[in-house]
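S.K.: Dropping a structure here in structure tokens format, bear with me for questions.
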Amino acid sequence: MSAVALKEQELKQRLEPILVRHGRAPSGLIPIMQDIQAEFGYLPREAVEEAARWLKIPLSKAYGVITFYAQFHLKPRGKYVLRVCLGTACHVRGGEKVLEAVSQELGIAPGDTTPDLRFTLERVACLGCCGLAPTMMVNDQTFARLNPQKVKEVLAQFAES
Amino acid sequence: MPALEEFSRRRHELMTRRASAPGLEIYVGMGTCGLAAGAQAVWDAVENELRERGISARLVRTGCIGMCESEPLLDVVRPGEPRITYGGVSAEAVPEIVEKHVLGGHPVEEHLIGQITDPARPYQELPFYSKQRRLVLARTGFIDPRSIEDYLSVGGYGALLKVLTSMSPEQVIAEVTRSGLRGRGGAGFPTGRKWEATRAANGRKKYVVCNGDEGDPGAFMDRSVLEGDPHAVLEGMMIAAYAIGADEGYLYIRAEYPMAVRHVRMAIEQARESGLLGKDILGTGFSLDLHIKEGAGAFVCGEETALLASIQGERGMPRPRPPFPAQSGLWGCPTNINNVETYANVPAIITNGADWFAAVGTERSKGSKVFSLAGKVARTGLVEVPMGLTLRELIFDVGGGIKEGKRFKAVQIGGPSGGCLPESLLDTPIDYDQLTATGAIMGSGGVVVLDEDSCMVDIARFFLNFTQSESCGKCTPCREGTKRMLEILTRISEGKGEPEDLDRLERLARVVKDTSLCGLGQTAPNPVLTTLRYFRDEYLAHVVDKRCPARVCAGLREYRIDPQLCRGCLLCKRSCPSGAISGERRQPHVIDQTLCIRCGACEATCPFGAISH
């Protein structure tokens, strides 16, 4: 998603099917936010405002929930989200070194996005692939048994496409 | 009841077909771990070979059979022959396997890792499997989790039929109670008693909820079950719903497990199409619908009251109990919450009876437990062992001991809520109460093995760092206590600790344990308390000798140059940001420890491997 501010018209068009699909029950707040994020790559403020109005809940409540969960992002994110696992098994098998290598290769710190909006780097607590530690996910794809050298190869796959 | 008869007939046909004429079958393990190791390329290669050579075979996509270390896995079953398993298969190895084995009947030695003659006890010749007892994982790796036909063909939904046609809700609860099944999510509450309480509670509407928010770092049991056998979890939930009188339910699954979410979603749709979900199921008058809620990344949502808040669209914060969810859960209605593995145990208990289940295990812990074996153990993977097996057997017989001939130091069991146990406690049997007595807990099943290269202070700090950042902030002991404990541990690992810190840490840990609101805070100190109890000498080395025996803690490293290996090339001297290295060209260099900031730059630059810490 580009960082250019979304035009109101376009935003409404993309948002409406999501809101209609989930209805107006307040319990839909989290699934609606998940779908908005899937659509826009992050949670644009205008979309959150619109959703809060739709659900008839205060904006403060919507933000209270959004900021509670690690999965929600208020800023645009990269096309490829890298999640480097630092769970127990990865920790004892060198996960930190993998994170360091990715961070160095991309020139960004964990939590940040490259200026060209290609990569976002995150640390996660466990991807559930402990048998193949250390691991990392690129969007929905999991890469296993990593080391700093293999990190370069993985990143090269996504550098241009 | 025509719908019921129709469904039974379909199920029987599928079972007969599977039992009678098994043709040529090829299996590829395509769970998340298989795919991470490259199973998609193997699958494509097999598909390609079969097409090019015009071979007709059933190509099956299965979940994880547990041998993570040997992924990607490929199995070949020729009619009337045992199932032969290949491990570490690459796309390049496929043509040879197809040529020699599939067509020629001669298994290829290379990549061969075992065979299955009896699906109930796979790979009896492999030490990794011979002590396992697979009740929950009986079907993962054998069926296509995306096909309800496959599940039906191995007898799936038989327990549901039995319950709907011949058992009253009270009889179901009595059977589960008598089996001795206890919650597999951590605390081990008796499942039958939970169901009974929910059934007895007043309320016109009741819910069943499945906790699939497997958040413990180092654990992937529930992911494998949801990915590899989703219908078993649904069947368990349906039976629970029937028993307690619920007509609606939710599966709360971590969003970090996209394949698990996909497979469960497919399973729910298939069950609905087959008439197993919806109104008046199979004409029996029983109604139930199930929904998925994806977790949004908060560890505390594994706590049941926080999970319920999250389903309701709120911040996932726990609340005091009582009232328990059995009395007042989702939207104030009586709600039964069990975890994935608990539900997955239910169908087999109903089908085979409580006595069959209770025959496995110890006096107060019945059945089996699935563990994810990870860390410095030789054979990592997903294993299911009978309760009562000792930790030693689990790590050394099933897991094959420590990698690369290193020495065992500790086993971390139960994740951030569990503890680290030393060698002297390895003969503790896997049993809820006996594990609790050591200061650890059974937990959900994460087992991470640590060797001599792991620092116990570092491990304690690792878990505290995790629980501290996951603390929801509602109650003070957990919010503030974990933060202060982490500060002390960080101080110790940086070499700035003092002997009094150990007592401070222990006192604080006890307060947090005793006074926190929910399970997260009440168990967060366990990794600290167990390491203090069993590995106090390591803490003392850090605070008194200012030394990290495992050489892990960065602040306590001492970099040294081996004069035998040093060629005096000056590279390290130039790389040192603090000017701590001195020496002339072609002469061995030395590091001034008082100036060294332990950044490791010299070690990284040295082309001769002369610098170590």
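The way I read the labels, and the way they are meant: chains A, B, ... in the order of the structure tokens, residue 1 as the first residue of every chain, and ligand 1 as the first ligand shown, with later ones counted on from there.
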With only C-alpha atoms as the counted atoms, please give the residues lying no more than 6 Å from stretch 73-83 of chain A, apart from itself and same-chain residues fewer than 6 positions off, as a PyMOL selection string.

M.R.: chain A and resi 42-43+113+117-123+136-139

S.K.: Counting only C-alpha atoms, what are the residues of chain B within 9 Å of chain A, and for each of them which pair of atoms is the nearest and at what distance in Å, to one decimal? Sort the table by chain and rising number, as a tab-separated table.

M.R.:
```
residue	atom	partner	partner_atom	distance
B:Thr32	CA	A:Thr142	CA	7.3
B:Cys33	CA	A:Cys129	CA	5.8
B:Leu35	CA	A:Thr142	CA	7.3
B:Ala36	CA	A:Thr142	CA	4.9
B:Ala37	CA	A:Ala144	CA	6.2
B:Gly38	CA	A:Phe143	CA	8.8
B:Met67	CA	A:Gly131	CA	8.4
B:Cys68	CA	A:Gly131	CA	5.3
B:Glu69	CA	A:Gly131	CA	6.3
B:Glu71	CA	A:Leu132	CA	9.0
B:Glu214	CA	A:Gly128	CA	8.7
B:Gly215	CA	A:Cys126	CA	7.3
B:Asp216	CA	A:Cys126	CA	7.3
B:Pro217	CA	A:Gly87	CA	4.6
B:Gly218	CA	A:Thr88	CA	5.1
B:Ala219	CA	A:Gly128	CA	5.9
B:Phe220	CA	A:Gly128	CA	4.6
B:Met221	CA	A:Gly128	CA	8.3
B:Arg223	CA	A:Gly128	CA	7.1
B:Ser224	CA	A:Gly128	CA	8.9
B:Ala255	CA	A:Gln71	CA	8.4
B:Glu256	CA	A:Leu127	CA	6.6
B:Tyr257	CA	A:Leu127	CA	7.6
B:Pro258	CA	A:Asp140	CA	7.2
B:Met259	CA	A:Asp140	CA	8.9
B:Lys293	CA	A:Pro31	CA	7.5
B:Glu294	CA	A:Pro31	CA	7.6
B:Gly295	CA	A:Gln71	CA	8.7
B:Ala296	CA	A:Gln71	CA	5.1
B:Gly297	CA	A:Ala70	CA	4.9
B:Ala298	CA	A:Tyr69	CA	5.6
B:Ser310	CA	A:Ile30	CA	8.0
B:Ile311	CA	A:Ser27	CA	6.7
B:Gln312	CA	A:Ser27	CA	4.4
B:Gly313	CA	A:Ser27	CA	4.1
B:Glu314	CA	A:Val65	CA	6.0
B:Arg315	CA	A:Val65	CA	4.9
B:Gly316	CA	A:Phe68	CA	7.6
B:Ser372	CA	A:Cys130	CA	7.7
B:Leu373	CA	A:Gly131	CA	7.1
B:Ala374	CA	A:Gly131	CA	5.4
B:Gly375	CA	A:Ala89	CA	4.8
B:Lys376	CA	A:Arg93	CA	7.7
B:Arg379	CA	A:Gly131	CA	8.3
B:Thr380	CA	A:Gly131	CA	4.9
B:Gly381	CA	A:Gly131	CA	5.2
B:Leu382	CA	A:Gly131	CA	8.1
B:Gly415	CA	A:Thr88	CA	8.1
B:Val448	CA	A:Ala89	CA	6.4
B:Val449	CA	A:Ala89	CA	8.5
B:Leu450	CA	A:Val92	CA	7.7
B:Asp453	CA	A:Val92	CA	8.8
B:Ser454	CA	A:Val92	CA	7.0
B:Ile459	CA	A:Thr88	CA	8.3
B:Phe462	CA	A:Thr88	CA	7.9
B:Phe463	CA	A:Thr88	CA	8.2
B:Phe466	CA	A:Ala125	CA	7.6
B:Cys472	CA	A:Phe68	CA	8.1
```

S.K.: Determine the nearest neighbour of B:Cys210 from the options B:Leu282, B:Val77, B:Ile55, B:Ala344, counting only C-alpha atoms.

M.R.: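 Closest residue, counting only C-alpha atoms: B:Ala344.
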
S.K.: Write out as an NGL selection string the residues lying within 10 Å of B:Val102, counting only C-alpha atoms and excluding same-chain residues fewer than 5 positions away.

M.R.: :B and (24-26 or 50 or 55 or 57 or 76-78 or 95-97 or 107-108)

S.K.: Since we have the selection now, will you write its residues out, keeping N, CA, C and O atoms, as a JSON list (two decimals), in the first residue's frame?

M.R.:
```json
[["chain", "number", "residue", "atom", "x", "y", "z"],
["B", 24, "LEU", "N", -2.25, -47.90, -5.18],
["B", 24, "LEU", "CA", -0.96, -47.25, -4.97],
["B", 24, "LEU", "C", -1.19, -45.88, -4.33],
["B", 24, "LEU", "O", -2.01, -45.10, -4.80],
["B", 25, "GLU", "N", -0.45, -45.61, -3.23],
["B", 25, "GLU", "CA", -0.62, -44.32, -2.56],
["B", 25, "GLU", "C", 0.74, -43.66, -2.33],
["B", 25, "GLU", "O", 1.71, -44.33, -1.99],
["B", 26, "ILE", "N", 0.76, -42.34, -2.49],
["B", 26, "ILE", "CA", 1.98, -41.58, -2.19],
["B", 26, "ILE", "C", 1.58, -40.42, -1.28],
["B", 26, "ILE", "O", 0.63, -39.69, -1.56],
["B", 50, "LEU", "N", 4.32, -38.52, -11.95],
["B", 50, "LEU", "CA", 3.16, -39.39, -12.14],
["B", 50, "LEU", "C", 2.49, -39.09, -13.48],
["B", 50, "LEU", "O", 2.10, -39.99, -14.21],
["B", 55, "ILE", "N", 1.33, -42.78, -14.41],
["B", 55, "ILE", "CA", 1.04, -43.68, -13.29],
["B", 55, "ILE", "C", -0.22, -43.22, -12.59],
["B", 55, "ILE", "O", -0.38, -42.02, -12.32],
["B", 57, "ALA", "N", -2.04, -43.08, -9.23],
["B", 57, "ALA", "CA", -1.84, -43.27, -7.79],
["B", 57, "ALA", "C", -2.61, -42.21, -7.04],
["B", 57, "ALA", "O", -2.92, -41.15, -7.59],
["B", 76, "VAL", "N", 5.66, -43.95, 0.36],
["B", 76, "VAL", "CA", 5.13, -44.73, -0.75],
["B", 76, "VAL", "C", 4.46, -45.98, -0.20],
["B", 76, "VAL", "O", 5.03, -46.68, 0.64],
["B", 77, "VAL", "N", 3.21, -46.23, -0.61],
["B", 77, "VAL", "CA", 2.54, -47.48, -0.24],
["B", 77, "VAL", "C", 2.13, -48.20, -1.52],
["B", 77, "VAL", "O", 1.28, -47.71, -2.26],
["B", 78, "ARG", "N", 2.78, -49.33, -1.77],
["B", 78, "ARG", "CA", 2.36, -50.15, -2.91],
["B", 78, "ARG", "C", 1.31, -51.13, -2.41],
["B", 78, "ARG", "O", 1.36, -51.56, -1.25],
["B", 95, "PRO", "N", 12.49, -38.49, -8.93],
["B", 95, "PRO", "CA", 12.45, -39.41, -10.08],
["B", 95, "PRO", "C", 12.99, -40.80, -9.75],
["B", 95, "PRO", "O", 12.41, -41.81, -10.17],
["B", 96, "GLU", "N", 14.08, -40.85, -9.00],
["B", 96, "GLU", "CA", 14.67, -42.15, -8.67],
["B", 96, "GLU", "C", 13.72, -42.98, -7.81],
["B", 96, "GLU", "O", 13.55, -44.19, -8.02],
["B", 97, "ILE", "N", 13.07, -42.32, -6.83],
["B", 97, "ILE", "CA", 12.13, -43.04, -5.96],
["B", 97, "ILE", "C", 10.96, -43.58, -6.78],
["B", 97, "ILE", "O", 10.53, -44.72, -6.60],
["B", 107, "PRO", "N", 12.66, -50.34, -2.76],
["B", 107, "PRO", "CA", 12.88, -49.07, -2.08],
["B", 107, "PRO", "C", 14.31, -48.55, -2.27],
["B", 107, "PRO", "O", 15.25, -49.35, -2.35],
["B", 108, "VAL", "N", 14.44, -47.24, -2.35],
["B", 108, "VAL", "CA", 15.75, -46.62, -2.53],
["B", 108, "VAL", "C", 16.39, -46.43, -1.15],
["B", 108, "VAL", "O", 15.79, -45.84, -0.26]]
```

S.K.: Within 7 Å of stretch 495-509 of chain B, counting only C-alpha atoms, which residues show up once you throw out same-chain ones fewer than 3 positions away? Write them as a ChimeraX atom specification, please.

M.R.: /B:481,485,488,491-492,512-513,525,529,542-544,546,555-556

S.K.: Taking N, CA and C atoms for each residue, export the selection above as a short mmCIF file (atom, residue, chain, number, x, y, z; two decimals), in the first residue's frame.

M.R.:
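Wrote it out as result21.cif, contents follow:
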```
data_model
loop_
_atom_site.label_atom_id
_atom_site.label_comp_id
_atom_site.auth_asym_id
_atom_site.auth_seq_id
_atom_site.Cartn_x
_atom_site.Cartn_y
_atom_site.Cartn_z
N GLY B 481 5.74 -5.96 38.89
CA GLY B 481 6.64 -6.99 39.41
C GLY B 481 7.49 -7.62 38.33
N MET B 485 11.56 -7.46 38.14
CA MET B 485 12.33 -8.71 38.07
C MET B 485 13.22 -8.72 36.84
N ILE B 488 16.28 -6.62 37.40
CA ILE B 488 17.30 -7.28 38.22
C ILE B 488 18.05 -8.31 37.37
N ARG B 491 20.40 -6.68 35.00
CA ARG B 491 21.57 -6.20 35.74
C ARG B 491 22.54 -7.36 35.96
N ILE B 492 22.00 -8.49 36.40
CA ILE B 492 22.86 -9.64 36.68
C ILE B 492 23.57 -10.10 35.40
N VAL B 512 4.79 -11.79 43.30
CA VAL B 512 4.09 -11.78 42.02
C VAL B 512 3.26 -13.06 41.87
N LYS B 513 3.87 -14.18 42.25
CA LYS B 513 3.20 -15.47 42.14
C LYS B 513 1.93 -15.51 42.99
N PRO B 525 6.72 -16.07 37.39
CA PRO B 525 7.97 -16.22 38.14
C PRO B 525 8.56 -17.65 38.11
N LEU B 529 12.13 -18.78 39.59
CA LEU B 529 12.21 -19.54 40.85
C LEU B 529 12.90 -20.89 40.65
N HIS B 542 27.63 -15.27 38.24
CA HIS B 542 27.38 -13.99 37.59
C HIS B 542 27.58 -12.81 38.55
N VAL B 543 27.05 -12.97 39.79
CA VAL B 543 27.09 -11.80 40.69
C VAL B 543 28.37 -11.73 41.51
N VAL B 544 28.97 -12.87 41.84
CA VAL B 544 30.17 -12.84 42.68
C VAL B 544 31.43 -12.83 41.81
N LYS B 546 31.54 -12.44 38.60
CA LYS B 546 31.32 -11.66 37.38
C LYS B 546 31.71 -12.48 36.15
N GLY B 555 27.48 -9.07 28.38
CA GLY B 555 28.17 -8.15 29.26
C GLY B 555 29.27 -8.80 30.08
N LEU B 556 29.30 -10.12 30.11
CA LEU B 556 30.29 -10.80 30.94
C LEU B 556 31.31 -11.57 30.10
#
```

S.K.: Can you tell me, as JSON, numbers by chain, which residues in stretch 51-124 of chain A count as strand (DSSP E or B) by DSSP?

M.R.: {"A": [80, 81, 82, 83, 84, 85, 113, 119, 120, 121, 122, 123, 124]}

S.K.: In Å to one decimal, how far is atom CA of B:Tyr129 from atom CA of B:Val398?

M.R.: 6.7 Å

S.K.: From the DSSP assignment of the backbone, select every residue of stretch 292-436 of chain B that is helix (DSSP H, G or I), and format the answer as a PyMOL selection string.

M.R.: chain B and resi 299-302+304-311+330-332+340-352+354-358+391-398+403-405+415-417+423-425+432-436

S.K.: Tell me, in Å to one decimal, how far atom CA of B:Leu74 is from atom CA of A:Val151.

M.R.: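 Atom-to-atom, atom CA of B:Leu74 and atom CA of A:Val151 are spaced 26.6 Å apart.
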